[in-house]
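Have a look at model06.cif; it's mmCIF, C-alpha atoms:
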data_my_file
loop_
_atom_site.group_PDB
_atom_site.id
_atom_site.type_symbol
_atom_site.label_atom_id
_atom_site.label_comp_id
_atom_site.auth_asym_id
_atom_site.auth_seq_id
_atom_site.Cartn_x
_atom_site.Cartn_y
_atom_site.Cartn_z
ATOM 1 C CA MET Z 7 99.195 -45.466 94.715
ATOM 2 C CA THR Z 8 99.086 -49.239 94.674
ATOM 3 C CA GLU Z 9 99.299 -51.366 91.558
ATOM 4 C CA LYS Z 10 95.899 -51.689 89.862
ATOM 5 C CA ARG Z 11 94.360 -55.146 89.928
ATOM 6 C CA VAL Z 12 93.848 -56.897 86.598
ATOM 7 C CA TYR Z 13 90.356 -58.384 86.295
ATOM 8 C CA THR Z 14 89.220 -61.285 84.143
ATOM 9 C CA GLU Z 15 86.542 -60.653 81.526
ATOM 10 C CA GLU Z 16 84.070 -62.543 83.705
ATOM 11 C CA GLU Z 17 84.919 -60.426 86.760
ATOM 12 C CA ILE Z 18 84.594 -57.243 84.713
ATOM 13 C CA GLU Z 19 81.143 -58.296 83.481
ATOM 14 C CA THR Z 20 80.003 -59.115 87.020
ATOM 15 C CA LEU Z 21 81.291 -55.804 88.385
ATOM 16 C CA ALA Z 22 79.810 -53.846 85.469
ATOM 17 C CA GLU Z 23 76.398 -55.418 85.994
ATOM 18 C CA LYS Z 24 76.507 -54.778 89.754
ATOM 19 C CA ALA Z 25 77.544 -51.143 89.249
ATOM 20 C CA SER Z 26 74.773 -50.695 86.670
ATOM 21 C CA GLN Z 27 72.124 -52.068 89.034
ATOM 22 C CA ASN Z 28 73.443 -49.889 91.877
ATOM 23 C CA ALA Z 29 73.378 -46.796 89.665
ATOM 24 C CA MET Z 30 69.785 -47.394 88.525
ATOM 25 C CA GLU Z 31 68.735 -47.897 92.143
ATOM 26 C CA HIS Z 32 70.352 -44.596 93.155
ATOM 27 C CA PHE Z 33 68.246 -42.820 90.517
ATOM 28 C CA LYS Z 34 65.099 -43.983 92.327
ATOM 29 C CA HIS Z 35 66.379 -42.169 95.424
ATOM 30 C CA GLY Z 36 66.886 -38.746 93.864
ATOM 31 C CA LEU Z 37 70.486 -38.792 92.685
ATOM 32 C CA ASN Z 38 70.986 -37.169 89.295
ATOM 33 C CA CYS Z 39 72.269 -39.100 86.295
ATOM 34 C CA GLY Z 40 75.922 -38.151 86.740
ATOM 35 C CA GLU Z 41 75.885 -38.903 90.455
ATOM 36 C CA CYS Z 42 74.250 -42.272 89.817
ATOM 37 C CA VAL Z 43 76.936 -43.417 87.400
ATOM 38 C CA LEU Z 44 79.862 -42.459 89.616
ATOM 39 C CA GLN Z 45 78.170 -43.651 92.823
ATOM 40 C CA GLY Z 46 77.341 -46.986 91.199
ATOM 41 C CA PHE Z 47 81.022 -47.426 90.435
ATOM 42 C CA LEU Z 48 82.186 -46.255 93.863
ATOM 43 C CA ASP Z 49 79.770 -48.720 95.494
ATOM 44 C CA LEU Z 50 81.906 -51.551 94.103
ATOM 45 C CA GLY Z 51 84.594 -50.654 96.649
ATOM 46 C CA ILE Z 52 87.430 -51.176 94.170
ATOM 47 C CA SER Z 53 88.508 -47.547 93.833
ATOM 48 C CA ASP Z 54 90.912 -45.811 96.162
ATOM 49 C CA TYR Z 55 89.074 -42.505 95.730
ATOM 50 C CA PRO Z 56 86.970 -41.207 98.622
ATOM 51 C CA LYS Z 57 83.182 -41.439 98.294
ATOM 52 C CA ASP Z 58 82.811 -37.672 98.369
ATOM 53 C CA ILE Z 59 84.289 -37.325 94.868
ATOM 54 C CA VAL Z 60 80.702 -37.804 93.707
ATOM 55 C CA ALA Z 61 80.505 -34.027 94.220
ATOM 56 C CA LEU Z 62 82.654 -33.638 91.092
ATOM 57 C CA VAL Z 63 79.794 -34.877 88.910
ATOM 58 C CA SER Z 64 76.808 -33.272 90.660
ATOM 59 C CA GLY Z 65 76.671 -30.449 88.123
ATOM 60 C CA MET Z 66 76.530 -32.860 85.185
ATOM 61 C CA GLY Z 67 72.882 -33.793 85.731
ATOM 62 C CA GLY Z 68 70.246 -32.771 83.228
ATOM 63 C CA GLY Z 69 72.817 -32.460 80.482
ATOM 64 C CA MET Z 70 75.520 -30.349 82.165
ATOM 65 C CA GLY Z 71 73.812 -28.129 84.698
ATOM 66 C CA PHE Z 72 70.311 -28.898 83.406
ATOM 67 C CA THR Z 73 71.087 -27.197 80.092
ATOM 68 C CA HIS Z 74 70.159 -30.395 78.210
ATOM 69 C CA HIS Z 75 73.528 -30.556 76.470
ATOM 70 C CA THR Z 76 75.825 -33.599 76.827
ATOM 71 C CA CYS Z 77 74.135 -36.268 78.941
ATOM 72 C CA GLY Z 78 75.350 -36.267 82.539
ATOM 73 C CA ALA Z 79 75.436 -40.065 82.629
ATOM 74 C CA VAL Z 80 77.741 -40.113 79.596
ATOM 75 C CA ASN Z 81 79.978 -37.438 81.131
ATOM 76 C CA ALA Z 82 80.179 -39.212 84.478
ATOM 77 C CA GLY Z 83 81.120 -42.406 82.662
ATOM 78 C CA LEU Z 84 84.180 -40.582 81.382
ATOM 79 C CA VAL Z 85 85.034 -39.733 85.005
ATOM 80 C CA VAL Z 86 84.705 -43.409 85.966
ATOM 81 C CA ILE Z 87 87.076 -44.410 83.173
ATOM 82 C CA GLY Z 88 89.502 -41.636 84.055
ATOM 83 C CA SER Z 89 89.475 -42.632 87.708
ATOM 84 C CA GLU Z 90 91.024 -45.953 86.722
ATOM 85 C CA LYS Z 91 92.909 -45.179 83.510
ATOM 86 C CA GLY Z 92 93.556 -41.445 83.673
ATOM 87 C CA ARG Z 93 96.821 -39.763 84.530
ATOM 88 C CA ARG Z 94 97.162 -38.927 88.191
ATOM 89 C CA ASN Z 95 100.370 -37.125 87.346
ATOM 90 C CA PRO Z 96 100.434 -35.839 83.758
ATOM 91 C CA TYR Z 97 104.136 -35.005 84.200
ATOM 92 C CA ALA Z 98 105.114 -38.570 85.165
ATOM 93 C CA LYS Z 99 106.426 -39.211 81.645
ATOM 94 C CA PRO Z 100 109.689 -37.314 81.207
ATOM 95 C CA THR Z 101 109.208 -35.963 77.684
ATOM 96 C CA PHE Z 102 106.576 -34.109 75.715
ATOM 97 C CA ASP Z 103 106.414 -36.914 73.117
ATOM 98 C CA GLU Z 104 105.899 -39.582 75.788
ATOM 99 C CA ARG Z 105 103.106 -37.539 77.404
ATOM 100 C CA VAL Z 106 101.362 -37.086 74.066
ATOM 101 C CA ASP Z 107 101.785 -40.790 73.239
ATOM 102 C CA GLU Z 108 100.236 -41.681 76.591
ATOM 103 C CA LEU Z 109 97.127 -39.794 75.469
ATOM 104 C CA HIS Z 110 96.941 -40.896 71.834
ATOM 105 C CA HIS Z 111 98.551 -44.348 71.576
ATOM 106 C CA PRO Z 112 96.148 -46.564 69.579
ATOM 107 C CA GLY Z 113 96.556 -49.592 71.852
ATOM 108 C CA THR Z 114 96.905 -48.107 75.296
ATOM 109 C CA GLY Z 115 96.084 -44.422 74.993
ATOM 110 C CA ILE Z 116 93.695 -42.547 77.212
ATOM 111 C CA TYR Z 117 91.823 -40.907 74.316
ATOM 112 C CA PRO Z 118 91.097 -44.128 72.380
ATOM 113 C CA ARG Z 119 89.650 -45.794 75.516
ATOM 114 C CA HIS Z 120 87.439 -42.807 76.346
ATOM 115 C CA GLY Z 121 86.480 -42.315 72.705
ATOM 116 C CA ALA Z 122 85.408 -45.946 72.325
ATOM 117 C CA TYR Z 123 83.082 -45.511 75.322
ATOM 118 C CA VAL Z 124 81.503 -42.370 73.833
ATOM 119 C CA ARG Z 125 81.057 -44.135 70.478
ATOM 120 C CA ASP Z 126 79.372 -47.064 72.292
ATOM 121 C CA CYS Z 127 76.908 -44.612 73.853
ATOM 122 C CA ILE Z 128 76.202 -42.982 70.488
ATOM 123 C CA ARG Z 129 75.737 -46.401 68.837
ATOM 124 C CA GLU Z 130 73.254 -47.382 71.547
ATOM 125 C CA TYR Z 131 71.183 -44.177 71.587
ATOM 126 C CA GLY Z 132 72.043 -42.300 68.399
ATOM 127 C CA THR Z 133 73.191 -39.258 70.391
ATOM 128 C CA ILE Z 134 74.719 -38.176 73.688
ATOM 129 C CA GLU Z 135 72.749 -34.927 73.865
ATOM 130 C CA CYS Z 136 70.333 -34.868 76.798
ATOM 131 C CA ARG Z 137 67.768 -32.759 74.910
ATOM 132 C CA ASP Z 138 67.623 -35.344 72.105
ATOM 133 C CA LEU Z 139 67.467 -38.264 74.521
ATOM 134 C CA CYS Z 140 64.567 -36.588 76.377
ATOM 135 C CA PHE Z 141 62.845 -34.988 73.350
ATOM 136 C CA PRO Z 142 60.337 -37.808 72.743
ATOM 137 C CA PHE Z 143 58.815 -37.319 76.192
ATOM 138 C CA ASP Z 144 56.222 -34.669 77.022
ATOM 139 C CA GLU Z 145 57.500 -33.530 80.394
ATOM 140 C CA SER Z 146 54.476 -31.280 80.894
ATOM 141 C CA THR Z 147 52.422 -34.360 81.819
ATOM 142 C CA PRO Z 148 52.889 -36.736 84.752
ATOM 143 C CA GLU Z 149 53.056 -39.736 82.395
ATOM 144 C CA GLY Z 150 55.603 -37.965 80.175
ATOM 145 C CA LYS Z 151 57.784 -37.250 83.195
ATOM 146 C CA LYS Z 152 57.567 -40.909 84.246
ATOM 147 C CA GLU Z 153 58.496 -42.097 80.759
ATOM 148 C CA ARG Z 154 61.441 -39.711 80.617
ATOM 149 C CA ALA Z 155 62.614 -40.923 84.026
ATOM 150 C CA ARG Z 156 62.371 -44.557 82.866
ATOM 151 C CA ASN Z 157 64.427 -43.664 79.806
ATOM 152 C CA CYS Z 158 67.039 -41.837 81.893
ATOM 153 C CA ARG Z 159 67.265 -44.786 84.282
ATOM 154 C CA LYS Z 160 67.943 -47.105 81.337
ATOM 155 C CA ILE Z 161 70.624 -44.737 79.996
ATOM 156 C CA ILE Z 162 72.213 -44.529 83.461
ATOM 157 C CA GLY Z 163 72.405 -48.317 83.592
ATOM 158 C CA PHE Z 164 73.934 -48.547 80.131
ATOM 159 C CA CYS Z 165 76.499 -45.796 80.734
ATOM 160 C CA THR Z 166 77.556 -47.248 84.070
ATOM 161 C CA LYS Z 167 78.020 -50.725 82.636
ATOM 162 C CA ALA Z 168 79.928 -49.467 79.583
ATOM 163 C CA ALA Z 169 82.134 -47.162 81.676
ATOM 164 C CA VAL Z 170 83.029 -49.862 84.207
ATOM 165 C CA ARG Z 171 83.935 -52.223 81.355
ATOM 166 C CA ALA Z 172 86.149 -49.557 79.792
ATOM 167 C CA ALA Z 173 87.709 -48.610 83.137
ATOM 168 C CA LEU Z 174 88.592 -52.161 84.162
ATOM 169 C CA LYS Z 175 89.688 -53.724 80.904
ATOM 170 C CA PRO Z 176 93.455 -54.087 80.638
#
Produce structure tokens that represent the structure in this file.
Amino acid sequence: MTEKRVYTEEEIETLAEKASQNAMEHFKHGLNCGECVLQGFLDLGISDYPKDIVALVSGMGGGMGFTHHTCGAVNAGLVVIGSEKGRRNPYAKPTFDERVDELHHPGTGIYPRHGAYVRDCIREYGTIECRDLCFPFDESTPEGKKERARNCRKIIGFCTKAAVRAALKP
């Protein structure tokens, strides 16, 4: 693996906005929420992962397998962050304590970075549960389905932007 590039705040904002726009466009073409978020990130061309890893998030749509539990866009955002800041080899650190610190360290830890992203999503929408995000929309009517889709598209854009920011910040 090559050394990860360090981006300026301005570059991160530009990439986050581009990924967000890409993700929302993918939703118009039938990708589910999880696929949109990861594909929007992959479209940036800055990851060394193959494009077919989008398959890893296909089951996240509709709130984890269309069960309306945790939003697939939120979940896929965690995958985006992990793709850049996760541990490719959890045994790379030689000791148990170093491995645990790598996860929990307040300044550089994997959990604090991922947790901050989830808290951003909750602050923005009040929840990360698909059923609650979709509850206001009557999906038994064509207009209700359209409104729900508009809402999901907005959430996809937000999650993609927030995840790319979290993934690329030093």
Who sits within 8 Å of Leu84 in chain Z, only C-alpha atoms, same chain under 3 positions skipped, as a PyMOL selection string:
chain Z and resi 80-81+87-88+120+123+169
Save out the residues we just selected, C-alpha atoms, as a JSON list (two decimals), keeping the file's coordinate frame.
[["chain", "number", "residue", "atom", "x", "y", "z"],
["Z", 80, "VAL", "CA", 77.74, -40.11, 79.60],
["Z", 81, "ASN", "CA", 79.98, -37.44, 81.13],
["Z", 87, "ILE", "CA", 87.08, -44.41, 83.17],
["Z", 88, "GLY", "CA", 89.50, -41.64, 84.06],
["Z", 120, "HIS", "CA", 87.44, -42.81, 76.35],
["Z", 123, "TYR", "CA", 83.08, -45.51, 75.32],
["Z", 169, "ALA", "CA", 82.13, -47.16, 81.68]]
Taking the file as shown, find all residues satisfying the PyMOL selection byres ((chain Z and resi 156-161) around 12) and write them as a PyMOL selection string. chain Z and resi 26-40+42-43+67-69+77-83+126-128+130-143+149-155+162-169
Across Z:Arg94, Z:Arg129, Z:His110, Z:Arg171, the smallest distance to Glu17 in chain Z, with all atoms listed in the file counted, is shown by Z:Arg171
Show me, as a VMD selection string, the residues that have an atom within 7 Å of Val86 in chain Z when counting all atoms listed in the file, minus same-chain residues fewer than 6 positions from it. chain Z and resid 44 169 to 170 173
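Proximity of Z:Gly51, Z:Asp144, Z:Thr114, Z:Ala122 to Pro176 in chain Z, computed with all atoms listed in the file, is greatest for Z:Thr114.
The space separating CA of Leu62 in chain Z from CA of Gln45 in chain Z comes to 11.1 Å.
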task: Specify as a PyMOL selection string each residue included when the PyMOL selection byres ((chain Z and resi 21) around 10) is applied to this file.
output: chain Z and resi 13+15-20+22-27+47+50+52+167+170-171+174
Residue with the minimum atom-to-atom distance to Gly65 in chain Z, picked from Z:Val124, Z:Ile116, Z:Glu104, Z:Glu41 with only C-alpha atoms counted, is Z:Glu41
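For the pair CA of Arg119 in chain Z and CA of Lys175 in chain Z, the interatomic distance is 9.6 Å.
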From CA of Pro56 in chain Z to CA of Ala98 in chain Z the spacing works out at 22.7 Å
Residues matched by the PyMOL selection byres ((chain Z and resi 108) around 12) as a PDB file with C-alpha atoms, in the coordinates of the input:
ATOM      1  CA  LYS Z  91      92.909 -45.179  83.510  1.00  0.00           C
ATOM      2  CA  GLY Z  92      93.556 -41.445  83.673  1.00  0.00           C
ATOM      3  CA  ARG Z  93      96.821 -39.763  84.530  1.00  0.00           C
ATOM      4  CA  ASN Z  95     100.370 -37.125  87.346  1.00  0.00           C
ATOM      5  CA  PRO Z  96     100.434 -35.839  83.758  1.00  0.00           C
ATOM      6  CA  TYR Z  97     104.136 -35.005  84.200  1.00  0.00           C
ATOM      7  CA  ALA Z  98     105.114 -38.570  85.165  1.00  0.00           C
ATOM      8  CA  LYS Z  99     106.426 -39.211  81.645  1.00  0.00           C
ATOM      9  CA  PRO Z 100     109.689 -37.314  81.207  1.00  0.00           C
ATOM     10  CA  THR Z 101     109.208 -35.963  77.684  1.00  0.00           C
ATOM     11  CA  PHE Z 102     106.576 -34.109  75.715  1.00  0.00           C
ATOM     12  CA  ASP Z 103     106.414 -36.914  73.117  1.00  0.00           C
ATOM     13  CA  GLU Z 104     105.899 -39.582  75.788  1.00  0.00           C
ATOM     14  CA  ARG Z 105     103.106 -37.539  77.404  1.00  0.00           C
ATOM     15  CA  VAL Z 106     101.362 -37.086  74.066  1.00  0.00           C
ATOM     16  CA  ASP Z 107     101.785 -40.790  73.239  1.00  0.00           C
ATOM     17  CA  LEU Z 109      97.127 -39.794  75.469  1.00  0.00           C
ATOM     18  CA  HIS Z 110      96.941 -40.896  71.834  1.00  0.00           C
ATOM     19  CA  HIS Z 111      98.551 -44.348  71.576  1.00  0.00           C
ATOM     20  CA  PRO Z 112      96.148 -46.564  69.579  1.00  0.00           C
ATOM     21  CA  GLY Z 113      96.556 -49.592  71.852  1.00  0.00           C
ATOM     22  CA  THR Z 114      96.905 -48.107  75.296  1.00  0.00           C
ATOM     23  CA  GLY Z 115      96.084 -44.422  74.993  1.00  0.00           C
ATOM     24  CA  ILE Z 116      93.695 -42.547  77.212  1.00  0.00           C
ATOM     25  CA  TYR Z 117      91.823 -40.907  74.316  1.00  0.00           C
ATOM     26  CA  PRO Z 118      91.097 -44.128  72.380  1.00  0.00           C
ATOM     27  CA  ARG Z 119      89.650 -45.794  75.516  1.00  0.00           C
TER      28      ARG Z 119
END
Could you put an axis-aligned box around every listed atom of range 81-99 of chain Z, padded by 5 Å on each side, and send me its centre and edge lengths in Å to one decimal, as JSON?
{"center_x": 93.2, "center_y": -40.5, "center_z": 84.7, "size_x": 36.4, "size_y": 20.9, "size_z": 17.1}
